[in-house]
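Student: Please find input.cif (mmCIF, C-alpha atoms; chains and numbers go by the auth columns) on the next line:
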```
data_input
loop_
_atom_site.group_PDB
_atom_site.id
_atom_site.type_symbol
_atom_site.label_atom_id
_atom_site.label_comp_id
_atom_site.label_asym_id
_atom_site.label_seq_id
_atom_site.Cartn_x
_atom_site.Cartn_y
_atom_site.Cartn_z
_atom_site.B_iso_or_equiv
_atom_site.auth_seq_id
_atom_site.auth_asym_id
ATOM 1 C CA MET A 1 -70.149 -31.352 -44.531 0.00 1 Q
ATOM 2 C CA LYS A 2 -71.319 -28.513 -46.812 0.00 2 Q
ATOM 3 C CA THR A 3 -73.602 -30.932 -48.658 0.00 3 Q
ATOM 4 C CA LEU A 4 -75.164 -32.086 -45.387 0.00 4 Q
ATOM 5 C CA VAL A 5 -75.798 -28.485 -44.263 0.00 5 Q
ATOM 6 C CA LYS A 6 -77.340 -27.613 -47.626 0.00 6 Q
ATOM 7 C CA THR A 7 -79.572 -30.703 -47.496 0.00 7 Q
ATOM 8 C CA ILE A 8 -80.749 -29.938 -43.958 0.00 8 Q
ATOM 9 C CA ALA A 9 -81.380 -26.291 -44.877 0.00 9 Q
ATOM 10 C CA LEU A 10 -83.364 -27.358 -47.942 0.00 10 Q
ATOM 11 C CA VAL A 11 -85.481 -29.812 -45.893 0.00 11 Q
ATOM 12 C CA LEU A 12 -86.180 -27.201 -43.220 0.00 12 Q
ATOM 13 C CA LEU A 13 -87.088 -24.587 -45.819 0.00 13 Q
ATOM 14 C CA SER A 14 -89.477 -26.878 -47.692 0.00 14 Q
ATOM 15 C CA SER A 15 -91.144 -28.120 -44.484 0.00 15 Q
ATOM 16 C CA SER A 16 -91.612 -24.555 -43.219 0.00 16 Q
ATOM 17 C CA LEU A 17 -93.222 -23.560 -46.540 0.00 17 Q
ATOM 18 C CA THR A 18 -95.536 -26.551 -46.330 0.00 18 Q
ATOM 19 C CA LEU A 19 -96.466 -25.785 -42.726 0.00 19 Q
ATOM 20 C CA SER A 20 -97.096 -22.104 -43.424 0.00 20 Q
ATOM 21 C CA ALA A 21 -99.350 -22.960 -46.386 0.00 21 Q
ATOM 22 C CA PHE A 22 -101.203 -25.479 -44.213 0.00 22 Q
ATOM 23 C CA ALA A 23 -101.558 -22.944 -41.401 0.00 23 Q
ATOM 24 C CA LYS A 24 -103.113 -20.416 -43.792 0.00 24 Q
ATOM 25 C CA ASP A 25 -105.745 -22.967 -44.818 0.00 25 Q
ATOM 26 C CA ILE A 26 -106.610 -23.689 -41.203 0.00 26 Q
ATOM 27 C CA LYS A 27 -107.103 -19.998 -40.364 0.00 27 Q
ATOM 28 C CA LYS A 28 -109.771 -19.532 -43.041 0.00 28 Q
ATOM 29 C CA PRO A 29 -113.154 -20.089 -41.458 0.00 29 Q
ATOM 30 C CA LYS A 30 -115.439 -22.232 -43.564 0.00 30 Q
ATOM 31 C CA GLU A 31 -118.811 -20.698 -44.223 0.00 31 Q
ATOM 32 C CA GLU A 32 -121.460 -23.181 -43.211 0.00 32 Q
ATOM 33 C CA LYS A 33 -124.727 -22.800 -45.061 0.00 33 Q
ATOM 34 C CA SER A 34 -127.882 -23.631 -43.184 0.00 34 Q
ATOM 35 C CA PHE A 35 -129.666 -24.712 -46.391 0.00 35 Q
ATOM 36 C CA GLU A 36 -129.143 -25.791 -50.002 0.00 36 Q
ATOM 37 C CA VAL A 37 -131.569 -25.232 -52.897 0.00 37 Q
ATOM 38 C CA ALA A 38 -131.665 -26.912 -56.331 0.00 38 Q
ATOM 39 C CA MET A 39 -134.243 -26.671 -59.104 0.00 39 Q
ATOM 40 C CA TYR A 40 -135.131 -27.708 -62.608 0.00 40 Q
ATOM 41 C CA PHE A 41 -137.927 -27.129 -65.119 0.00 41 Q
ATOM 42 C CA ASP A 42 -140.288 -30.030 -65.820 0.00 42 Q
ATOM 43 C CA HIS A 43 -141.526 -29.643 -69.419 0.00 43 Q
ATOM 44 C CA HIS A 44 -144.350 -32.165 -69.011 0.00 44 Q
ATOM 45 C CA SER A 45 -146.082 -30.429 -66.131 0.00 45 Q
ATOM 46 C CA GLY A 46 -144.924 -26.848 -66.786 0.00 46 Q
ATOM 47 C CA THR A 47 -143.561 -26.458 -63.259 0.00 47 Q
ATOM 48 C CA ILE A 48 -140.282 -25.444 -61.707 0.00 48 Q
ATOM 49 C CA LYS A 49 -139.437 -28.182 -59.230 0.00 49 Q
ATOM 50 C CA THR A 50 -137.474 -26.751 -56.329 0.00 50 Q
ATOM 51 C CA PHE A 51 -135.767 -29.062 -53.854 0.00 51 Q
ATOM 52 C CA PHE A 52 -134.194 -28.026 -50.557 0.00 52 Q
ATOM 53 C CA GLU A 53 -132.224 -29.421 -47.646 0.00 53 Q
ATOM 54 C CA LYS A 54 -131.867 -27.484 -44.422 0.00 54 Q
ATOM 55 C CA GLU A 55 -130.778 -27.824 -40.843 0.00 55 Q
ATOM 56 C CA LYS A 56 -133.372 -29.210 -38.486 0.00 56 Q
ATOM 57 C CA GLY A 57 -134.604 -26.473 -36.172 0.00 57 Q
ATOM 58 C CA SER A 58 -134.429 -23.668 -38.726 0.00 58 Q
ATOM 59 C CA GLN A 59 -137.201 -22.346 -40.948 0.00 59 Q
ATOM 60 C CA LEU A 60 -136.974 -21.791 -44.689 0.00 60 Q
ATOM 61 C CA GLU A 61 -139.085 -19.500 -46.844 0.00 61 Q
ATOM 62 C CA LEU A 62 -139.236 -19.799 -50.645 0.00 62 Q
ATOM 63 C CA VAL A 63 -140.716 -16.868 -52.588 0.00 63 Q
ATOM 64 C CA PHE A 64 -141.327 -16.843 -56.361 0.00 64 Q
ATOM 65 C CA MET A 65 -141.194 -13.245 -57.682 0.00 65 Q
ATOM 66 C CA ASN A 66 -141.399 -11.446 -61.016 0.00 66 Q
ATOM 67 C CA LYS A 67 -138.813 -8.906 -62.236 0.00 67 Q
ATOM 68 C CA ASP A 68 -140.548 -6.115 -60.262 0.00 68 Q
ATOM 69 C CA GLU A 69 -140.138 -8.199 -57.082 0.00 69 Q
ATOM 70 C CA GLN A 70 -143.880 -8.750 -56.796 0.00 70 Q
ATOM 71 C CA GLU A 71 -144.619 -11.979 -54.968 0.00 71 Q
ATOM 72 C CA LEU A 72 -146.327 -14.585 -57.145 0.00 72 Q
ATOM 73 C CA SER A 73 -146.125 -17.556 -54.778 0.00 73 Q
ATOM 74 C CA ARG A 74 -144.724 -18.346 -51.337 0.00 74 Q
ATOM 75 C CA ALA A 75 -143.925 -21.576 -49.478 0.00 75 Q
ATOM 76 C CA PHE A 76 -142.601 -22.322 -45.987 0.00 76 Q
ATOM 77 C CA ALA A 77 -140.663 -25.241 -44.544 0.00 77 Q
ATOM 78 C CA ASN A 78 -141.148 -25.650 -40.819 0.00 78 Q
ATOM 79 C CA LYS A 79 -138.470 -26.339 -38.229 0.00 79 Q
ATOM 80 C CA LYS A 80 -139.140 -30.085 -38.090 0.00 80 Q
ATOM 81 C CA CYS A 81 -138.442 -31.029 -41.717 0.00 81 Q
ATOM 82 C CA GLU A 82 -134.911 -31.356 -43.061 0.00 82 Q
ATOM 83 C CA LYS A 83 -135.655 -31.697 -46.778 0.00 83 Q
ATOM 84 C CA GLY A 84 -138.544 -31.205 -49.135 0.00 84 Q
ATOM 85 C CA ARG A 85 -139.766 -29.880 -52.445 0.00 85 Q
ATOM 86 C CA VAL A 86 -141.921 -27.057 -53.748 0.00 86 Q
ATOM 87 C CA PHE A 87 -143.430 -26.835 -57.239 0.00 87 Q
ATOM 88 C CA PHE A 88 -144.063 -23.481 -58.913 0.00 88 Q
ATOM 89 C CA ASP A 89 -146.511 -23.597 -61.848 0.00 89 Q
ATOM 90 C CA ILE A 90 -145.391 -21.316 -64.681 0.00 90 Q
ATOM 91 C CA ASN A 91 -147.851 -22.363 -67.411 0.00 91 Q
ATOM 92 C CA ALA A 92 -149.824 -19.107 -67.291 0.00 92 Q
ATOM 93 C CA LEU A 93 -146.855 -16.752 -66.848 0.00 93 Q
ATOM 94 C CA PRO A 94 -145.718 -14.421 -69.628 0.00 94 Q
ATOM 95 C CA ASN A 95 -142.140 -14.448 -70.902 0.00 95 Q
ATOM 96 C CA GLY A 96 -139.725 -12.666 -68.611 0.00 96 Q
ATOM 97 C CA THR A 97 -137.207 -12.850 -65.810 0.00 97 Q
ATOM 98 C CA TYR A 98 -138.254 -14.325 -62.477 0.00 98 Q
ATOM 99 C CA THR A 99 -136.510 -14.921 -59.162 0.00 99 Q
ATOM 100 C CA ILE A 100 -136.817 -17.577 -56.494 0.00 100 Q
ATOM 101 C CA LYS A 101 -135.676 -16.213 -53.140 0.00 101 Q
ATOM 102 C CA ALA A 102 -134.781 -18.703 -50.407 0.00 102 Q
ATOM 103 C CA SER A 103 -134.380 -17.266 -46.922 0.00 103 Q
ATOM 104 C CA SER A 104 -133.675 -18.767 -43.519 0.00 104 Q
ATOM 105 C CA GLY A 105 -133.767 -15.458 -41.675 0.00 105 Q
ATOM 106 C CA LYS A 106 -129.995 -15.135 -41.453 0.00 106 Q
ATOM 107 C CA GLU A 107 -129.118 -16.260 -44.996 0.00 107 Q
ATOM 108 C CA VAL A 108 -130.642 -15.367 -48.360 0.00 108 Q
ATOM 109 C CA SER A 109 -130.143 -17.128 -51.672 0.00 109 Q
ATOM 110 C CA LEU A 110 -131.443 -15.700 -54.985 0.00 110 Q
ATOM 111 C CA HIS A 111 -131.957 -17.826 -58.103 0.00 111 Q
ATOM 112 C CA THR A 112 -132.809 -15.982 -61.322 0.00 112 Q
ATOM 113 C CA LEU A 113 -134.793 -17.696 -64.077 0.00 113 Q
ATOM 114 C CA LYS A 114 -135.607 -16.564 -67.582 0.00 114 Q
ATOM 115 C CA ILE A 115 -138.880 -17.980 -68.867 0.00 115 Q
ATOM 116 C CA THR A 116 -139.673 -18.034 -72.558 0.00 116 Q
ATOM 117 C CA GLN A 117 -142.759 -19.850 -73.757 0.00 117 Q
ATOM 118 C CA PRO A 118 -142.397 -21.452 -77.194 0.00 118 Q
ATOM 119 C CA GLU A 119 -144.186 -19.687 -79.998 0.00 119 Q
ATOM 120 C CA LEU A 120 -146.975 -21.606 -81.661 0.00 120 Q
ATOM 121 C CA PRO A 121 -146.534 -22.154 -85.367 0.00 121 Q
ATOM 122 C CA LYS A 122 -148.517 -19.783 -87.539 0.00 122 Q
ATOM 123 C CA LYS A 123 -151.361 -21.200 -89.556 0.00 123 Q
ATOM 124 C CA VAL A 124 -150.495 -21.756 -93.151 0.00 124 Q
ATOM 125 C CA LYS A 125 -153.122 -21.113 -95.817 0.00 125 Q
ATOM 126 C CA PHE A 126 -153.074 -23.156 -98.964 0.00 126 Q
ATOM 127 C CA ASN A 127 -154.710 -21.851 -102.127 0.00 127 Q
#
```
Translate the structure of the given file into structure tokens.
Tutor:
Amino acid sequence: MKTLVKTIALVLLSSSLTLSAFAKDIKKPKEEKSFEVAMYFDHHSGTIKTFFEKEKGSQLELVFMNKDEQELSRAFANKKCEKGRVFFDINALPNGTYTIKASSGKEVSLHTLKITQPELPKKVKFN
């Protein structure tokens, strides 16, 4: 009889721990993002290719800024499109830290980039 009581108590205890852990996960509200942004540098063209997906019906603004937060380029995605791409040309930019700011009005996402142009080899003189 004692073994049966211990077994039942153990089962009830483990199930209550499982249920309480599950209940805690349910209570946490999931943060839904209204957009996603991804980017990469294309060495052949010298551009930063920025791709986005967003909810239909919301706007998205992409701003390319220098370290002093001066706007260098700006692009908009209207309410009708759900995904797209924007290219930022960096061929003429000096070395430094830059930021791409994506904003839907209620959410803001900042992506910091460090640009370093390769140094050209120095001319070698032969005697």
Student: Can you list, as a PyMOL selection string, every protein, DNA or RNA residue that comes within 6 Å of range 97-104 of chain Q when you count only C-alpha atoms, leaving out same-chain residues fewer than 2 positions away?
Tutor: chain Q and resi 59-67+106-114
Student: With distances taken over all atoms listed in the file, which of Q:Leu93, Q:Lys56, Q:Lys123, Q:Phe41 is nearest to Lys80 in chain Q?
Tutor: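 Answer, going by the shortest atom-to-atom distance: Q:Lys56.
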Student: Return the single residue from Q:Phe126, Q:Pro121, Q:Glu71, Q:Ile115 that is closest to His43 in chain Q, with distances computed using only C-alpha atoms.
Tutor: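 Checking each candidate against His43 in chain Q, we get Q:Ile115 as the closest.
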Student: Find the distance between CA of Ser34 in chain Q and CA of Ser58 in chain Q and write it in Å to one decimal.
Tutor: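 One can read the CA of Ser34 in chain Q to CA of Ser58 in chain Q distance as 7.9 Å.
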Student: Evaluating the PyMOL selection byres ((chain Q and resi 46) around 7) on the displayed file yields which residues, as a PyMOL selection string?
Tutor: chain Q and resi 42-45+47+89-91
Student: Give me the residues near Phe51 in chain Q as a list in words, where near means some atom within 9 Å (using all atoms listed in the file) and where sequence neighbours in that chain fewer than 2 positions away do not count.
Tutor: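 Non-adjacent residues within range: Glu36, Val37, Ala38, Met39, Tyr40, Lys49, Glu53, Lys83, Gly84, Arg85, Val86 and Phe87 of chain Q.
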Student: Would you output that residue set with C-alpha atoms, as a PDB file, in the frame of the given file?
Tutor:
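again-v4.pdb, freshly written:
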```
ATOM      1  CA  GLU Q  36    -129.143 -25.791 -50.002  1.00  0.00           C
ATOM      2  CA  VAL Q  37    -131.569 -25.232 -52.897  1.00  0.00           C
ATOM      3  CA  ALA Q  38    -131.665 -26.912 -56.331  1.00  0.00           C
ATOM      4  CA  MET Q  39    -134.243 -26.671 -59.104  1.00  0.00           C
ATOM      5  CA  TYR Q  40    -135.131 -27.708 -62.608  1.00  0.00           C
ATOM      6  CA  LYS Q  49    -139.437 -28.182 -59.230  1.00  0.00           C
ATOM      7  CA  GLU Q  53    -132.224 -29.421 -47.646  1.00  0.00           C
ATOM      8  CA  LYS Q  83    -135.655 -31.697 -46.778  1.00  0.00           C
ATOM      9  CA  GLY Q  84    -138.544 -31.205 -49.135  1.00  0.00           C
ATOM     10  CA  ARG Q  85    -139.766 -29.880 -52.445  1.00  0.00           C
ATOM     11  CA  VAL Q  86    -141.921 -27.057 -53.748  1.00  0.00           C
ATOM     12  CA  PHE Q  87    -143.430 -26.835 -57.239  1.00  0.00           C
TER      13      PHE Q  87
END
```
Student: Could you tell me how far CA of Ser73 in chain Q sits from CA of Glu55 in chain Q, in Å to one decimal place?
Tutor: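 Separating CA of Glu55 in chain Q from CA of Ser73 in chain Q is a distance of 23.1 Å.
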Student: Could you check how far CA of Gln117 in chain Q sits from CA of Arg74 in chain Q, in Å to one decimal?
Tutor: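 Pair CA of Gln117 in chain Q / CA of Arg74 in chain Q returns 22.6 Å.
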Student: Can you sort out the box for range 67-70 of chain Q, edges along x, y and z, all listed atoms in, 4 Å on every side, with centre and edge lengths in Å to one decimal, as JSON?
Tutor:
```
{"center_x": -141.3, "center_y": -7.5, "center_z": -59.5, "size_x": 13.1, "size_y": 10.8, "size_z": 13.4}
```
